[in-house]
Each structure stands twice: as structure tokens, then as C-alpha cells.
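K.L.:
Please find one structure pasted underneath; my questions will follow.
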Amino acid sequence: MKSIWKKAGMIGMMMLVLLLSACGSGGSDSANGGAKEGEKEKPVLKMATSADFPPFESRDEKGNFIGFDIDLAKIIADELGYQLEIQDMNFDGLIGALQSGRVDMVMAGMSATKERKENVDFSMEYHRSGEMFISLPDSPVKQLEDLKGKKVGVQLGTIQEEGADELSKEYGFEVKKVDNGMILVQELLSHKIDVAYLDKQVAKGYMKEHGFTGFDDPTSSSPGMAVAFPKGSDLVEKVNGVLKELQENGKLKELKDKWKLDQIEE
Ligand code: ARG
């Protein structure tokens, strides 16, 4: 008799425990906005970008971030067990956002220059490009010498801004600086600038889309693109680990094919 009551008591207790734990998890799930199981414990990785640089980063019609850098950032966050949070800002504000610790990393087709390395740390380089001058289809500008007296647009804070300032001294053109890369295209189409000077990979996309003409900058020697971090961040090594793995297992190449990036061998 005694043992039956004992058993019944134990079963009752177990049911109570099950019931309570079910209530508990239901409650915290909804408090978390219905986050997926496992997702809620993941720490957040704050990434900043300047979504005006297709095919590396831009937004679709719904406002979602898309592009090569965005896909790569998602893989990195996933591999390292983070939940990715993306912030959009002007390119010339990205280094400051890292320095002030507002974000953990930047992926924005950012070239790992010596000057930037004084203020931020970079991962290994994941892509190489170059620079191009592009203009409307009927433009007479075919080489550096033709730029004399022309208005050349660049994006603020980029290496192309710096490059154009230098080249303008020799080739006698005016430099117009805009803070958003997409505006460069609008300025070209509306004849507010004669030429845009920008990343070659991005330029090629615009040439296809709008039928622009263009030529390579024969003087350019920009370093490759890399992920940027606040100085001393322990993410540098971790992200390098993921990048190396993606390079070795061919996934990086696959991703470049998906976004139609040139495959330039080192
Ligand atoms: N590679 C160039 C630089 O590092 C241009 C990058 C512009 N990126 C962007 N998301 N608008 O200066």
C-alpha cells in the first residue's frame, strides 16, 4: 500500500515539474519576440556597412541588406555562434563607429590601407579590385588626359576620394565629393558630373546596368578588401580562421561566383 502512494506521489511531482518547465519556456520565448530555439542565447555581433556598393552591399526593394559582404558576414556570424545585427551608415563614418566601439566589425568593401591600419585592425584580405573612371555612353573621356576641366565624382572617405585628389593635380580636373555611392550614378545620369571614379568591380556593374563607358585607372594599386575591427579586437583571429576555412573548402570562390565577382588569383 505504502509504495503505491509513494509512486503516485512521485509521478505527480514529475508532472508538476514538466508543467512548470513548459510554462517557463513558453513565457521566455514570447518575451523574446518568438526567437528561434537556440537563437536567444547567441551573443549579438554588431556589423556596420555602407549599403551603397553593389554587388558587395546594397538593399533590395524590401529594404533587406543583400550582397557578397552580407552573405559572407552571415557565414562568419554563424560559424562563430553569433546573431548578426547590421547597421547602415555613410562610408566615411565607419572607421569612427569602430573606434568608438559602437560596432564590432565593418564589412563594406573596405580596402586595408596602411593609413587605416593606424586606427583599426583588419582581417586577411578577401577580395581584390581596382579603380575605374566611368561616364555616359557618348562621353569623349577615354583616358586620364581627357579629364582636363571635367567634373569627377567620388564617394567621401574612400580611397578613390584620396586618389582623385592626387590625380586632379596632374590632370587638371575638379573633384566633387558625395557621401553615398548610389548618388554618383544619379549625378552621372543627370549630368551633374562628367565622370565617376570608383571601385572597378562596382563600376562594371553600373556599366552593364546603364550602358556607361569607362576605362581602368592605370595608376591604381589599391590593397585588397578586408573585414575591419576596433584595434586589439579578439575577433580578428577568429574571423581569419573562418576566412581561411572558406578559402580552403572553396566556399569563398562559390560566393564570388554567386555575386559575379572577378576571381583574381593572388
Ligand atoms: N574600396 C574602397 C575603399 O575602401 C571603396 C569602398 C566603398 N564601400 C562602400 N560600401 N561604399 O575606400
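Chain labels A, B, ... are given in the sequence in which chains occur in the C-alpha cells; within each chain residues are numbered consecutively from 1, and ligands are likewise numbered from 1 in the order shown.
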What lies within 6 Å of Tyr197 in chain A using only C-alpha atoms, ignoring chain neighbours under 2 positions off, as a ChimeraX atom specification?
P.N.:
/A:132-133,154
K.L.:
Leaving out range 112-121 of chain A and any residue of its chain fewer than 2 positions from it, which residues lie within 9 Å of it when counting only C-alpha atoms, given as a ChimeraX atom specification?
P.N.:
/A:95,98-99,110,123-125,159,222-233,236
K.L.:
May I have the residues from that selection written out with N, CA and C atoms, as a tab-separated table (two decimals), in the first residue's frame?
P.N.:
```tsv
chain	number	residue	atom	x	y	z
A	95	ILE	N	34.87	54.00	-39.85
A	95	ILE	CA	36.07	53.87	-39.00
A	95	ILE	C	35.77	54.45	-37.61
A	98	LEU	N	33.87	52.11	-35.42
A	98	LEU	CA	34.72	51.06	-34.84
A	98	LEU	C	35.54	51.63	-33.68
A	99	GLN	N	36.10	52.81	-33.89
A	99	GLN	CA	36.96	53.41	-32.86
A	99	GLN	C	36.19	53.71	-31.58
A	110	MET	N	35.87	47.39	-47.80
A	110	MET	CA	36.89	48.35	-47.33
A	110	MET	C	38.30	47.85	-47.63
A	123	SER	N	41.22	41.98	-41.02
A	123	SER	CA	41.36	40.54	-41.23
A	123	SER	C	42.28	40.35	-42.43
A	124	MET	N	42.46	39.10	-42.85
A	124	MET	CA	43.16	38.85	-44.12
A	124	MET	C	42.28	39.41	-45.25
A	125	GLU	N	42.89	39.70	-46.39
A	125	GLU	CA	42.12	40.26	-47.50
A	125	GLU	C	41.27	39.17	-48.14
A	159	ILE	N	39.14	55.40	-50.73
A	159	ILE	CA	40.48	55.56	-51.28
A	159	ILE	C	40.41	56.26	-52.63
A	222	SER	N	45.55	49.72	-55.40
A	222	SER	CA	44.92	49.67	-54.08
A	222	SER	C	45.03	48.28	-53.45
A	223	PRO	N	45.13	48.25	-52.10
A	223	PRO	CA	45.19	46.95	-51.41
A	223	PRO	C	43.83	46.26	-51.46
A	224	GLY	N	43.81	44.97	-51.11
A	224	GLY	CA	42.57	44.20	-51.15
A	224	GLY	C	41.59	44.60	-50.05
A	225	MET	N	40.37	44.09	-50.18
A	225	MET	CA	39.32	44.39	-49.20
A	225	MET	C	39.42	43.41	-48.03
A	226	ALA	N	39.10	43.91	-46.83
A	226	ALA	CA	39.18	43.07	-45.64
A	226	ALA	C	38.11	43.50	-44.64
A	227	VAL	N	37.89	42.65	-43.65
A	227	VAL	CA	36.96	43.00	-42.57
A	227	VAL	C	37.72	43.89	-41.59
A	228	ALA	N	37.09	44.95	-41.10
A	228	ALA	CA	37.78	45.86	-40.16
A	228	ALA	C	37.19	45.70	-38.75
A	229	PHE	N	38.07	45.88	-37.75
A	229	PHE	CA	37.69	45.72	-36.34
A	229	PHE	C	38.28	46.85	-35.50
A	230	PRO	N	37.75	47.07	-34.30
A	230	PRO	CA	38.41	48.02	-33.40
A	230	PRO	C	39.81	47.49	-33.10
A	231	LYS	N	40.76	48.37	-32.85
A	231	LYS	CA	42.14	47.93	-32.56
A	231	LYS	C	42.15	46.96	-31.38
A	232	GLY	N	42.88	45.87	-31.54
A	232	GLY	CA	43.05	44.91	-30.45
A	232	GLY	C	41.90	43.92	-30.29
A	233	SER	N	40.92	43.95	-31.18
A	233	SER	CA	39.76	43.06	-31.07
A	233	SER	C	40.17	41.59	-31.21
A	236	VAL	N	39.62	39.38	-34.67
A	236	VAL	CA	40.49	39.33	-35.86
A	236	VAL	C	40.90	37.88	-36.14
```
K.L.:
Using only C-alpha atoms and all ligand atoms, which residues have at least one atom no more than 9 Å from ligand 1? Output them as a ChimeraX atom specification.
P.N.:
/A:49-54,56-58,90-92,107-113,129-131,155-162,179-182,198-199,222-226
K.L.:
List as a list of chain:residue names the protein and nucleic acid residues near Pro137 in chain A, meaning an atom at most 10 Å away when only C-alpha atoms are counted, but skip any in the same chain fewer than 4 places from it.
P.N.:
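After dropping sequence-adjacent residues, the list is A:Val141, A:Met207, A:His210, A:Gly211, A:Phe212, A:Thr213, A:Gly214.
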K.L.:
Quick one: of A:Leu188, A:Val178, A:Ile134, A:Leu261, who's nearest to Phe68 in chain A, counting only C-alpha atoms?
P.N.:
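Looking only at the distances to Phe68 in chain A, the closest residue turns out to be A:Leu261.
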K.L.:
Which of these residues is nearest to Leu246 in chain A, using only C-alpha atoms: A:Glu79, A:Leu147, A:Glu85, A:Leu136?
P.N.:
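The closest residue to Leu246 in chain A is A:Glu79.
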K.L.:
Could you tell me, as a PyMOL selection string, which residues of range 180-236 of chain A DSSP assigns to helix (DSSP H, G or I) when given the backbone?
P.N.:
chain A and resi 181-189+200-210+235-236
K.L.:
Identify, on the basis of only C-alpha atoms, every residue whose closest approach to range 257-260 of chain A does not exceed 7 Å; exclude the query and any residue fewer than 2 positions from it along the same chain; express the result as a PyMOL selection string.
P.N.:
chain A and resi 55+68+253-255+262
K.L.:
With distances taken over only C-alpha atoms, which residue among A:Leu144, A:Lys62, A:Lys46, A:Ala203 lies nearest Gly101 in chain A?
P.N.:
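Smallest separation from Gly101 in chain A among the options: A:Lys46.
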K.L.:
Between CA of Glu61 in chain A and CA of Val152 in chain A, what distance in Å does the model show, to one decimal?
P.N.:
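CA of Val152 in chain A lies at a distance of 29.1 Å from CA of Glu61 in chain A.
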K.L.:
Counting only C-alpha atoms, which residue out of A:Gly149, A:Pro43, A:Pro218, A:Pro140 sits closest to Asp78 in chain A?
P.N.:
A:Pro43
K.L.:
Skipping near chain neighbours, those fewer than 6 positions away, what residues fall within 9 Å of Ile76 in chain A using only C-alpha atoms, listed as a ChimeraX atom specification?
P.N.:
/A:82,239,242-243
K.L.:
As an exercise, work out the distance from CA of Val44 in chain A to CA of Gly63 in chain A in Å and give it to one decimal place.
P.N.:
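These two atoms are separated by 20.9 Å.
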K.L.:
Got a sec: who's within 10 Å of Val175 in chain A, counting only C-alpha atoms, leaving out chain neighbours fewer than 6 positions off, as a list in words?
P.N.:
Lys150, Lys151, Val152, Gly153, Val154, Glu161, Ala164, Asp165, Leu167, Ser168, Ile193, Val195, Ala196 and Tyr197 of chain A
K.L.:
Check the smallest atom-to-atom distance from each of A:Lys256, A:Lys200, A:Lys176, A:Lys42 to Leu84 in chain A using only C-alpha atoms, then report the winner.
P.N.:
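Residue with the minimum atom-to-atom distance to Leu84 in chain A: A:Lys42.
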K.L.:
Record the distance separating CA of Arg102 in chain A and CA of Ile75 in chain A, expressed in Å with one decimal.
P.N.:
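Those two atoms sit 21.6 Å apart.
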K.L.:
I need the strand (DSSP E) residues of range 77-191 of chain A per DSSP on the backbone, written as a PyMOL selection string.
P.N.:
chain A and resi 83-88+105-106+120-127+131-135+151-155+174-178
